[in-house]
$ cat protein_3.pdb   # PDB, C-alpha atoms
MODEL        1
ATOM      1  CA  MET A   1     244.960 109.388 134.348  1.00  0.00           C
ATOM      2  CA  PRO A   2     242.731 112.364 133.485  1.00  0.00           C
ATOM      3  CA  ALA A   3     242.412 115.226 135.947  1.00  0.00           C
ATOM      4  CA  MET A   4     239.483 115.093 138.340  1.00  0.00           C
ATOM      5  CA  PRO A   5     236.587 117.472 137.655  1.00  0.00           C
ATOM      6  CA  THR A   6     236.930 120.708 139.646  1.00  0.00           C
ATOM      7  CA  ALA A   7     233.713 119.939 141.540  1.00  0.00           C
ATOM      8  CA  LEU A   8     235.357 116.824 142.987  1.00  0.00           C
ATOM      9  CA  HIS A   9     238.767 118.322 143.604  1.00  0.00           C
ATOM     10  CA  ASP A  10     240.397 121.694 142.995  1.00  0.00           C
ATOM     11  CA  PRO A  11     244.143 121.409 143.728  1.00  0.00           C
ATOM     12  CA  ALA A  12     244.542 125.196 143.548  1.00  0.00           C
ATOM     13  CA  CYS A  13     241.574 126.030 145.801  1.00  0.00           C
ATOM     14  CA  ARG A  14     242.081 129.056 148.079  1.00  0.00           C
ATOM     15  CA  ARG A  15     238.439 129.573 148.991  1.00  0.00           C
ATOM     16  CA  CYS A  16     239.172 129.577 152.738  1.00  0.00           C
ATOM     17  CA  PRO A  17     241.739 132.299 153.605  1.00  0.00           C
ATOM     18  CA  ARG A  18     242.750 130.771 156.954  1.00  0.00           C
ATOM     19  CA  LEU A  19     243.331 127.314 155.472  1.00  0.00           C
ATOM     20  CA  ALA A  20     245.153 128.712 152.433  1.00  0.00           C
ATOM     21  CA  ALA A  21     247.462 130.724 154.685  1.00  0.00           C
ATOM     22  CA  PHE A  22     248.142 127.695 156.867  1.00  0.00           C
ATOM     23  CA  LEU A  23     249.036 125.593 153.831  1.00  0.00           C
ATOM     24  CA  ASP A  24     251.413 128.340 152.678  1.00  0.00           C
ATOM     25  CA  GLN A  25     253.068 128.242 156.095  1.00  0.00           C
ATOM     26  CA  VAL A  26     253.394 124.455 156.052  1.00  0.00           C
ATOM     27  CA  ARG A  27     254.928 124.492 152.568  1.00  0.00           C
ATOM     28  CA  ASP A  28     257.483 127.056 153.707  1.00  0.00           C
ATOM     29  CA  GLU A  29     258.416 124.991 156.755  1.00  0.00           C
ATOM     30  CA  ARG A  30     258.184 121.480 155.250  1.00  0.00           C
ATOM     31  CA  ALA A  31     259.081 121.391 151.575  1.00  0.00           C
ATOM     32  CA  ASP A  32     258.607 117.606 151.418  1.00  0.00           C
ATOM     33  CA  TYR A  33     254.929 117.753 152.500  1.00  0.00           C
ATOM     34  CA  PHE A  34     252.015 117.488 150.053  1.00  0.00           C
ATOM     35  CA  ALA A  35     250.525 120.620 151.706  1.00  0.00           C
ATOM     36  CA  ALA A  36     247.573 121.113 149.326  1.00  0.00           C
ATOM     37  CA  PRO A  37     243.904 120.120 149.139  1.00  0.00           C
ATOM     38  CA  VAL A  38     243.944 116.328 149.493  1.00  0.00           C
ATOM     39  CA  PRO A  39     242.031 114.405 146.797  1.00  0.00           C
ATOM     40  CA  SER A  40     239.746 111.514 147.658  1.00  0.00           C
ATOM     41  CA  PHE A  41     241.065 107.969 147.309  1.00  0.00           C
ATOM     42  CA  GLY A  42     239.327 105.130 145.503  1.00  0.00           C
ATOM     43  CA  ALA A  43     237.163 104.667 142.423  1.00  0.00           C
ATOM     44  CA  PRO A  44     234.551 107.418 141.921  1.00  0.00           C
ATOM     45  CA  ASP A  45     231.818 104.808 141.317  1.00  0.00           C
ATOM     46  CA  ALA A  46     232.511 102.874 144.531  1.00  0.00           C
ATOM     47  CA  ARG A  47     229.395 101.882 146.461  1.00  0.00           C
ATOM     48  CA  LEU A  48     230.897 102.606 149.903  1.00  0.00           C
ATOM     49  CA  LEU A  49     231.969 106.184 150.596  1.00  0.00           C
ATOM     50  CA  VAL A  50     233.873 106.747 153.849  1.00  0.00           C
ATOM     51  CA  VAL A  51     233.825 110.399 154.941  1.00  0.00           C
ATOM     52  CA  GLY A  52     236.250 111.736 157.541  1.00  0.00           C
ATOM     53  CA  LEU A  53     236.807 115.214 158.944  1.00  0.00           C
ATOM     54  CA  ALA A  54     239.957 116.730 157.410  1.00  0.00           C
ATOM     55  CA  PRO A  55     243.576 115.821 156.581  1.00  0.00           C
ATOM     56  CA  GLY A  56     245.919 115.434 159.531  1.00  0.00           C
ATOM     57  CA  LEU A  57     248.921 117.761 159.593  1.00  0.00           C
ATOM     58  CA  HIS A  58     251.474 114.936 159.571  1.00  0.00           C
ATOM     59  CA  GLY A  59     249.214 112.373 157.891  1.00  0.00           C
ATOM     60  CA  ALA A  60     247.247 113.089 154.728  1.00  0.00           C
ATOM     61  CA  ASN A  61     248.622 116.628 154.545  1.00  0.00           C
ATOM     62  CA  ARG A  62     252.097 115.100 154.402  1.00  0.00           C
ATOM     63  CA  THR A  63     251.392 112.146 152.124  1.00  0.00           C
ATOM     64  CA  GLY A  64     248.576 113.384 149.882  1.00  0.00           C
ATOM     65  CA  ARG A  65     246.188 110.474 150.577  1.00  0.00           C
ATOM     66  CA  PRO A  66     243.309 110.492 153.109  1.00  0.00           C
ATOM     67  CA  PHE A  67     244.092 108.831 156.463  1.00  0.00           C
ATOM     68  CA  THR A  68     247.581 107.886 155.287  1.00  0.00           C
ATOM     69  CA  GLY A  69     250.640 108.129 157.506  1.00  0.00           C
ATOM     70  CA  ASP A  70     248.809 109.044 160.696  1.00  0.00           C
ATOM     71  CA  PHE A  71     247.225 107.302 163.676  1.00  0.00           C
ATOM     72  CA  ALA A  72     243.620 107.741 162.521  1.00  0.00           C
ATOM     73  CA  GLY A  73     244.319 105.594 159.481  1.00  0.00           C
ATOM     74  CA  GLN A  74     245.454 102.585 161.495  1.00  0.00           C
ATOM     75  CA  LEU A  75     241.998 101.392 162.538  1.00  0.00           C
ATOM     76  CA  LEU A  76     240.455 102.483 159.246  1.00  0.00           C
ATOM     77  CA  TYR A  77     242.729 100.633 156.832  1.00  0.00           C
ATOM     78  CA  ARG A  78     243.067  97.558 159.040  1.00  0.00           C
ATOM     79  CA  GLY A  79     239.291  97.359 159.153  1.00  0.00           C
ATOM     80  CA  LEU A  80     238.945  97.900 155.409  1.00  0.00           C
ATOM     81  CA  HIS A  81     241.459  95.139 154.758  1.00  0.00           C
ATOM     82  CA  ASP A  82     239.724  92.707 157.113  1.00  0.00           C
ATOM     83  CA  ALA A  83     236.407  93.506 155.399  1.00  0.00           C
ATOM     84  CA  GLY A  84     237.843  92.757 151.971  1.00  0.00           C
ATOM     85  CA  LEU A  85     237.766  96.400 150.886  1.00  0.00           C
ATOM     86  CA  ALA A  86     241.505  97.169 150.876  1.00  0.00           C
ATOM     87  CA  SER A  87     244.447  95.223 149.489  1.00  0.00           C
ATOM     88  CA  ALA A  88     246.636  95.835 152.568  1.00  0.00           C
ATOM     89  CA  PRO A  89     246.072  96.597 156.270  1.00  0.00           C
ATOM     90  CA  GLN A  90     248.232  99.734 156.241  1.00  0.00           C
ATOM     91  CA  SER A  91     248.340 102.889 154.130  1.00  0.00           C
ATOM     92  CA  LEU A  92     251.789 104.429 154.318  1.00  0.00           C
ATOM     93  CA  ALA A  93     252.299 106.450 151.121  1.00  0.00           C
ATOM     94  CA  VAL A  94     250.592 107.206 147.821  1.00  0.00           C
ATOM     95  CA  ASP A  95     253.019 104.893 146.006  1.00  0.00           C
ATOM     96  CA  ASP A  96     252.716 101.902 148.358  1.00  0.00           C
ATOM     97  CA  GLY A  97     250.535  99.930 145.934  1.00  0.00           C
ATOM     98  CA  LEU A  98     247.449  99.911 148.167  1.00  0.00           C
ATOM     99  CA  THR A  99     244.137  99.628 146.332  1.00  0.00           C
ATOM    100  CA  LEU A 100     240.532  99.799 147.481  1.00  0.00           C
ATOM    101  CA  THR A 101     237.680  97.565 146.311  1.00  0.00           C
ATOM    102  CA  ASP A 102     234.245  99.175 145.899  1.00  0.00           C
ATOM    103  CA  CYS A 103     235.267 101.790 148.459  1.00  0.00           C
ATOM    104  CA  ARG A 104     236.255 105.458 148.321  1.00  0.00           C
ATOM    105  CA  ILE A 105     237.593 107.701 151.101  1.00  0.00           C
ATOM    106  CA  ALA A 106     236.895 111.432 151.277  1.00  0.00           C
ATOM    107  CA  ASN A 107     236.913 114.207 153.857  1.00  0.00           C
ATOM    108  CA  ALA A 108     234.391 116.881 154.787  1.00  0.00           C
ATOM    109  CA  VAL A 109     237.252 119.413 154.468  1.00  0.00           C
ATOM    110  CA  LYS A 110     240.056 118.841 151.963  1.00  0.00           C
ATOM    111  CA  CYS A 111     242.699 121.131 153.514  1.00  0.00           C
ATOM    112  CA  VAL A 112     244.444 120.612 156.844  1.00  0.00           C
ATOM    113  CA  PRO A 113     243.052 123.012 159.479  1.00  0.00           C
ATOM    114  CA  PRO A 114     245.120 124.524 162.302  1.00  0.00           C
ATOM    115  CA  ALA A 115     244.774 122.422 165.468  1.00  0.00           C
ATOM    116  CA  ASN A 116     242.694 119.944 163.408  1.00  0.00           C
ATOM    117  CA  LYS A 117     239.626 122.167 163.859  1.00  0.00           C
ATOM    118  CA  PRO A 118     237.938 123.534 160.743  1.00  0.00           C
ATOM    119  CA  THR A 119     235.478 126.376 161.282  1.00  0.00           C
ATOM    120  CA  PRO A 120     231.801 126.061 160.343  1.00  0.00           C
ATOM    121  CA  ALA A 121     232.423 128.463 157.436  1.00  0.00           C
ATOM    122  CA  GLU A 122     235.265 126.259 156.140  1.00  0.00           C
ATOM    123  CA  ILE A 123     233.147 123.119 156.371  1.00  0.00           C
ATOM    124  CA  SER A 124     230.390 124.910 154.476  1.00  0.00           C
ATOM    125  CA  ALA A 125     232.782 126.206 151.790  1.00  0.00           C
ATOM    126  CA  CYS A 126     234.111 122.684 151.130  1.00  0.00           C
ATOM    127  CA  ASN A 127     230.645 121.137 151.036  1.00  0.00           C
ATOM    128  CA  VAL A 128     230.463 121.603 147.259  1.00  0.00           C
ATOM    129  CA  HIS A 129     233.177 118.945 146.864  1.00  0.00           C
ATOM    130  CA  LEU A 130     231.408 116.516 149.183  1.00  0.00           C
ATOM    131  CA  ARG A 131     228.179 117.107 147.277  1.00  0.00           C
ATOM    132  CA  ALA A 132     229.966 116.123 144.071  1.00  0.00           C
ATOM    133  CA  GLU A 133     231.215 112.932 145.750  1.00  0.00           C
ATOM    134  CA  LEU A 134     227.705 112.038 146.862  1.00  0.00           C
ATOM    135  CA  ASP A 135     226.330 112.674 143.391  1.00  0.00           C
ATOM    136  CA  LEU A 136     228.536 109.799 142.198  1.00  0.00           C
ATOM    137  CA  LEU A 137     227.317 107.352 144.844  1.00  0.00           C
ATOM    138  CA  PRO A 138     225.000 104.911 143.057  1.00  0.00           C
ATOM    139  CA  ALA A 139     221.623 103.687 144.231  1.00  0.00           C
ATOM    140  CA  GLY A 140     222.182 101.085 146.925  1.00  0.00           C
ATOM    141  CA  GLY A 141     225.342 102.862 148.020  1.00  0.00           C
ATOM    142  CA  VAL A 142     226.348 103.526 151.623  1.00  0.00           C
ATOM    143  CA  VAL A 143     228.054 106.494 153.276  1.00  0.00           C
ATOM    144  CA  LEU A 144     230.075 105.768 156.415  1.00  0.00           C
ATOM    145  CA  ALA A 145     230.534 109.014 158.348  1.00  0.00           C
ATOM    146  CA  LEU A 146     233.445 109.102 160.788  1.00  0.00           C
ATOM    147  CA  GLY A 147     232.369 111.510 163.489  1.00  0.00           C
ATOM    148  CA  HIS A 148     229.593 114.007 164.072  1.00  0.00           C
ATOM    149  CA  ILE A 149     231.029 116.725 161.810  1.00  0.00           C
ATOM    150  CA  ALA A 150     231.281 114.361 158.852  1.00  0.00           C
ATOM    151  CA  HIS A 151     227.748 113.140 159.583  1.00  0.00           C
ATOM    152  CA  GLN A 152     226.390 116.690 159.458  1.00  0.00           C
ATOM    153  CA  ALA A 153     228.428 117.611 156.383  1.00  0.00           C
ATOM    154  CA  VAL A 154     226.991 114.654 154.453  1.00  0.00           C
ATOM    155  CA  LEU A 155     223.440 115.618 155.333  1.00  0.00           C
ATOM    156  CA  ARG A 156     223.956 119.267 154.401  1.00  0.00           C
ATOM    157  CA  ALA A 157     225.504 118.235 151.089  1.00  0.00           C
ATOM    158  CA  LEU A 158     222.317 116.278 150.392  1.00  0.00           C
ATOM    159  CA  GLY A 159     220.076 119.190 151.371  1.00  0.00           C
ATOM    160  CA  GLU A 160     218.813 117.373 154.455  1.00  0.00           C
ATOM    161  CA  LYS A 161     218.320 118.898 157.911  1.00  0.00           C
ATOM    162  CA  PRO A 162     220.885 117.368 160.313  1.00  0.00           C
ATOM    163  CA  ALA A 163     218.462 117.748 163.226  1.00  0.00           C
ATOM    164  CA  ARG A 164     216.299 115.016 161.669  1.00  0.00           C
ATOM    165  CA  PHE A 165     219.151 112.481 161.802  1.00  0.00           C
ATOM    166  CA  ALA A 166     220.664 111.954 165.252  1.00  0.00           C
ATOM    167  CA  PHE A 167     224.320 110.937 165.212  1.00  0.00           C
ATOM    168  CA  GLY A 168     225.185 107.767 167.077  1.00  0.00           C
ATOM    169  CA  HIS A 169     227.880 105.144 166.769  1.00  0.00           C
ATOM    170  CA  GLY A 170     226.392 102.367 164.649  1.00  0.00           C
ATOM    171  CA  ALA A 171     223.273 104.341 163.745  1.00  0.00           C
ATOM    172  CA  ARG A 172     221.698 103.810 160.304  1.00  0.00           C
ATOM    173  CA  HIS A 173     219.825 106.502 158.400  1.00  0.00           C
ATOM    174  CA  ARG A 174     217.852 106.213 155.161  1.00  0.00           C
ATOM    175  CA  LEU A 175     218.998 108.642 152.466  1.00  0.00           C
ATOM    176  CA  PRO A 176     217.426 109.727 149.170  1.00  0.00           C
ATOM    177  CA  GLY A 177     218.229 107.639 146.119  1.00  0.00           C
ATOM    178  CA  GLN A 178     217.976 104.266 147.900  1.00  0.00           C
ATOM    179  CA  ARG A 179     221.137 104.941 149.880  1.00  0.00           C
ATOM    180  CA  TRP A 180     222.189 104.655 153.511  1.00  0.00           C
ATOM    181  CA  LEU A 181     224.176 106.761 155.983  1.00  0.00           C
ATOM    182  CA  VAL A 182     225.937 104.821 158.747  1.00  0.00           C
ATOM    183  CA  ASP A 183     227.658 106.588 161.659  1.00  0.00           C
ATOM    184  CA  SER A 184     230.863 105.727 163.474  1.00  0.00           C
ATOM    185  CA  TYR A 185     232.971 107.515 166.022  1.00  0.00           C
ATOM    186  CA  HIS A 186     236.067 108.909 164.348  1.00  0.00           C
ATOM    187  CA  THR A 187     239.140 106.670 164.460  1.00  0.00           C
ATOM    188  CA  SER A 188     241.301 109.457 165.901  1.00  0.00           C
ATOM    189  CA  ARG A 189     244.076 108.906 168.414  1.00  0.00           C
ATOM    190  CA  TYR A 190     242.068 110.799 171.054  1.00  0.00           C
ATOM    191  CA  ASN A 191     238.991 108.585 170.618  1.00  0.00           C
ATOM    192  CA  VAL A 192     241.083 105.419 170.763  1.00  0.00           C
ATOM    193  CA  GLN A 193     243.078 106.492 173.808  1.00  0.00           C
ATOM    194  CA  THR A 194     239.945 107.540 175.708  1.00  0.00           C
ATOM    195  CA  GLY A 195     238.218 104.254 174.888  1.00  0.00           C
ATOM    196  CA  ARG A 196     235.449 105.787 172.820  1.00  0.00           C
ATOM    197  CA  ILE A 197     236.300 103.441 169.949  1.00  0.00           C
ATOM    198  CA  ASP A 198     238.543 100.438 169.379  1.00  0.00           C
ATOM    199  CA  GLN A 199     239.244  98.132 166.458  1.00  0.00           C
ATOM    200  CA  ALA A 200     236.433  95.729 167.272  1.00  0.00           C
ATOM    201  CA  MET A 201     233.873  98.538 167.579  1.00  0.00           C
ATOM    202  CA  PHE A 202     234.921 100.052 164.291  1.00  0.00           C
ATOM    203  CA  ASP A 203     235.019  96.719 162.498  1.00  0.00           C
ATOM    204  CA  THR A 204     231.446  95.977 163.587  1.00  0.00           C
ATOM    205  CA  VAL A 205     230.144  99.241 162.137  1.00  0.00           C
ATOM    206  CA  LEU A 206     232.233  98.877 158.969  1.00  0.00           C
ATOM    207  CA  THR A 207     230.934  95.357 158.396  1.00  0.00           C
ATOM    208  CA  ASP A 208     227.382  96.594 158.894  1.00  0.00           C
ATOM    209  CA  ALA A 209     227.965  99.370 156.342  1.00  0.00           C
ATOM    210  CA  ARG A 210     229.463  96.931 153.837  1.00  0.00           C
ATOM    211  CA  ASP A 211     226.611  94.493 154.264  1.00  0.00           C
ATOM    212  CA  LEU A 212     224.027  97.254 153.659  1.00  0.00           C
ATOM    213  CA  ILE A 213     225.349  97.856 150.133  1.00  0.00           C
ATOM    214  CA  GLY A 214     222.623  97.061 147.635  1.00  0.00           C
ATOM    215  CA  THR A 215     219.857  96.642 150.209  1.00  0.00           C
ATOM    216  CA  ALA A 216     216.694  98.724 150.070  1.00  0.00           C
ATOM    217  CA  PRO A 217     216.376 101.355 152.823  1.00  0.00           C
TER     218      PRO A 217
ENDMDL
END

$ encode --input "protein_3.pdb" --output "structure tokens"
Amino acid sequence: MPAMPTALHDPACRRCPRLAAFLDQVRDERADYFAAPVPSFGAPDARLLVVGLAPGLHGANRTGRPFTGDFAGQLLYRGLHDAGLASAPQSLAVDDGLTLTDCRIANAVKCVPPANKPTPAEISACNVHLRAELDLLPAGGVVLALGHIAHQAVLRALGEKPARFAFGHGARHRLPGQRWLVDSYHTSRYNVQTGRIDQAMFDTVLTDARDLIGTAP
């Protein structure tokens, strides 16, 4: 498989000093971890682009695949499977044989941040990669943003003013190029444990996003 264009993914990126230093620390402490910028997962021409926040320390940062090996991926991949977008209901490792259908998963920030909290400067620095992802999304495509930060990052990557698009679970927003942005609460452990989101709530929004593919905004 040919290497991804740098605009989509730069495996040697050290643009953010704090994140680069944290990855160095993780590699020193956990030699078996991926501990690098995590590439997106799924075909580049997929018509559904799911955008999360950032790799989890013991999830995607360990395995090298978005939302893989951590709690946040449980609702996501189960929902994708039930919606006919994933070949299995769990994503455990990059070599587990899981495939996606007409779906791609990316993050607003490609490197794991300390305490799972990227800074505004880090989100901005990584926006070039998200912009490249969105450039590949065809007309009629749909972006599903998991959480407010992902929602804002998508809009900034498109040159839109986030203040014009209020985030809300299940909200739909018209985007340029005959595309849609759909919002969902993030599928994080915290949101699940506090009752902000559950499998049924996520599945409803995911199904709505899937069914919007190819419809005119």

$ resolve_selection --input "protein_3.pdb" --expression "the PyMOL selection byres ((chain A and resi 106) around 7)" --output "PyMOL selection string"
chain A and resi 40-41+50-52+66+104-105+107-108

$ resolve_selection --input "protein_3.pdb" --expression "the PyMOL selection byres ((chain A and resi 32) around 12)" --output "number ranges by chain"
A: 26-31, 33-36, 58, 61-64

$ resolve_selection --input "protein_3.pdb" --expression "the PyMOL selection byres ((chain A and resi 85) around 8)" --output "compact mmCIF listing (two decimals) with C-alpha atoms, in the coordinates of the input"
# COMPACT_ATOMS: atom_id res chain seq x y z
CA LEU A 80 238.94 97.90 155.41
CA HIS A 81 241.46 95.14 154.76
CA ASP A 82 239.72 92.71 157.11
CA ALA A 83 236.41 93.51 155.40
CA GLY A 84 237.84 92.76 151.97
CA ALA A 86 241.50 97.17 150.88
CA SER A 87 244.45 95.22 149.49
CA LEU A 100 240.53 99.80 147.48
CA THR A 101 237.68 97.56 146.31
CA ASP A 102 234.24 99.18 145.90
CA CYS A 103 235.27 101.79 148.46

$ residues_around --input "protein_3.pdb" --residues "Ala132 (chain A)" --least-positions-apart "2" --cutoff "10 Å" --atoms "all atoms listed in the file" --output "list in words"
Pro5, Thr6, Ala7, Leu8, His9, Asn127, Val128, His129, Leu130, Leu134, Asp135, Leu136, Leu137, Ala157 and Leu158 of chain A

$ write_last_selection --input "protein_3.pdb" --atoms "C-alpha atoms" --output "PDB file, in the coordinates of the input"
ATOM      1  CA  PRO A   5     236.587 117.472 137.655  1.00  0.00           C
ATOM      2  CA  THR A   6     236.930 120.708 139.646  1.00  0.00           C
ATOM      3  CA  ALA A   7     233.713 119.939 141.540  1.00  0.00           C
ATOM      4  CA  LEU A   8     235.357 116.824 142.987  1.00  0.00           C
ATOM      5  CA  HIS A   9     238.767 118.322 143.604  1.00  0.00           C
ATOM      6  CA  ASN A 127     230.645 121.137 151.036  1.00  0.00           C
ATOM      7  CA  VAL A 128     230.463 121.603 147.259  1.00  0.00           C
ATOM      8  CA  HIS A 129     233.177 118.945 146.864  1.00  0.00           C
ATOM      9  CA  LEU A 130     231.408 116.516 149.183  1.00  0.00           C
ATOM     10  CA  LEU A 134     227.705 112.038 146.862  1.00  0.00           C
ATOM     11  CA  ASP A 135     226.330 112.674 143.391  1.00  0.00           C
ATOM     12  CA  LEU A 136     228.536 109.799 142.198  1.00  0.00           C
ATOM     13  CA  LEU A 137     227.317 107.352 144.844  1.00  0.00           C
ATOM     14  CA  ALA A 157     225.504 118.235 151.089  1.00  0.00           C
ATOM     15  CA  LEU A 158     222.317 116.278 150.392  1.00  0.00           C
TER      16      LEU A 158
END

$ residues_around --input "protein_3.pdb" --residues "Asp208 (chain A)" --least-positions-apart "6" --cutoff "10 Å" --atoms "only C-alpha atoms" --output "list of chain:residue names"
A:Leu144, A:Gly170, A:Arg172, A:Val182, A:Phe202

$ residues_around --input "protein_3.pdb" --residues "region 113-122 of chain A" --least-positions-apart "6" --cutoff "9 Å" --atoms "all atoms listed in the file" --output "list of chain:residue names"
A:Arg15, A:Cys16, A:Arg18, A:Leu19, A:Phe22, A:Leu23, A:Leu53, A:Ala54, A:Pro55, A:Gly56, A:Leu57

$ residues_around --input "protein_3.pdb" --residues "Arg47 (chain A)" --least-positions-apart "2" --cutoff "9 Å" --atoms "all atoms listed in the file" --output "list in words"
Pro44, Asp45, Leu49, Asp102, Cys103, Arg104, Leu137, Pro138, Ala139, Gly140, Gly141, Val142, Val143, Arg210, Ile213 and Gly214 of chain A

$ closest_residue --input "protein_3.pdb" --among "A:Ala60, A:Val205, A:Leu76, A:Ala171" --to "Ser188 (chain A)" --atoms "only C-alpha atoms"
A:Leu76

$ closest_residue --input "protein_3.pdb" --among "A:Ala72, A:Val38, A:Leu92, A:Ala145" --to "Gln199 (chain A)" --atoms "all atoms listed in the file"
A:Ala72

$ atom_distance --input "protein_3.pdb" --atom1 "CA of Ala216 (chain A)" --atom2 "CA of Ala200 (chain A)"
26.4 Å

$ atom_distance --input "protein_3.pdb" --atom1 "CA of His169 (chain A)" --atom2 "CA of Tyr185 (chain A)"
5.7 Å

$ atom_distance --input "protein_3.pdb" --atom1 "CA of Ile149 (chain A)" --atom2 "CA of Phe167 (chain A)"
9.5 Å

$ residues_near_point --input "protein_3.pdb" --point "(254.5, 104.9, 150.8)" --cutoff "12 Å" --atoms "all atoms listed in the file" --output "ChimeraX atom specification"
/A:59-60,62-65,68-69,90-98

$ write_last_selection --input "protein_3.pdb" --atoms "C-alpha atoms" --output "mmCIF file, keeping the file's coordinate frame"
data_model
loop_
_atom_site.group_PDB
_atom_site.id
_atom_site.type_symbol
_atom_site.label_atom_id
_atom_site.label_comp_id
_atom_site.auth_asym_id
_atom_site.auth_seq_id
_atom_site.Cartn_x
_atom_site.Cartn_y
_atom_site.Cartn_z
ATOM 1 C CA GLY A 59 249.214 112.373 157.891
ATOM 2 C CA ALA A 60 247.247 113.089 154.728
ATOM 3 C CA ARG A 62 252.097 115.100 154.402
ATOM 4 C CA THR A 63 251.392 112.146 152.124
ATOM 5 C CA GLY A 64 248.576 113.384 149.882
ATOM 6 C CA ARG A 65 246.188 110.474 150.577
ATOM 7 C CA THR A 68 247.581 107.886 155.287
ATOM 8 C CA GLY A 69 250.640 108.129 157.506
ATOM 9 C CA GLN A 90 248.232 99.734 156.241
ATOM 10 C CA SER A 91 248.340 102.889 154.130
ATOM 11 C CA LEU A 92 251.789 104.429 154.318
ATOM 12 C CA ALA A 93 252.299 106.450 151.121
ATOM 13 C CA VAL A 94 250.592 107.206 147.821
ATOM 14 C CA ASP A 95 253.019 104.893 146.006
ATOM 15 C CA ASP A 96 252.716 101.902 148.358
ATOM 16 C CA GLY A 97 250.535 99.930 145.934
ATOM 17 C CA LEU A 98 247.449 99.911 148.167
#

$ closest_residue --input "protein_3.pdb" --among "A:Arg174, A:Asp183, A:Pro217, A:Ala125" --to "Cys13 (chain A)" --atoms "only C-alpha atoms"
A:Ala125

$ residues_near_point --input "protein_3.pdb" --point "(225.1, 110.6, 154.2)" --cutoff "6 Å" --atoms "all atoms listed in the file" --output "PyMOL selection string"
chain A and resi 143+154-155+181

$ closest_residue --input "protein_3.pdb" --among "A:Leu48, A:Ala163, A:Ala12, A:Ile123" --to "Leu206 (chain A)" --atoms "only C-alpha atoms"
A:Leu48
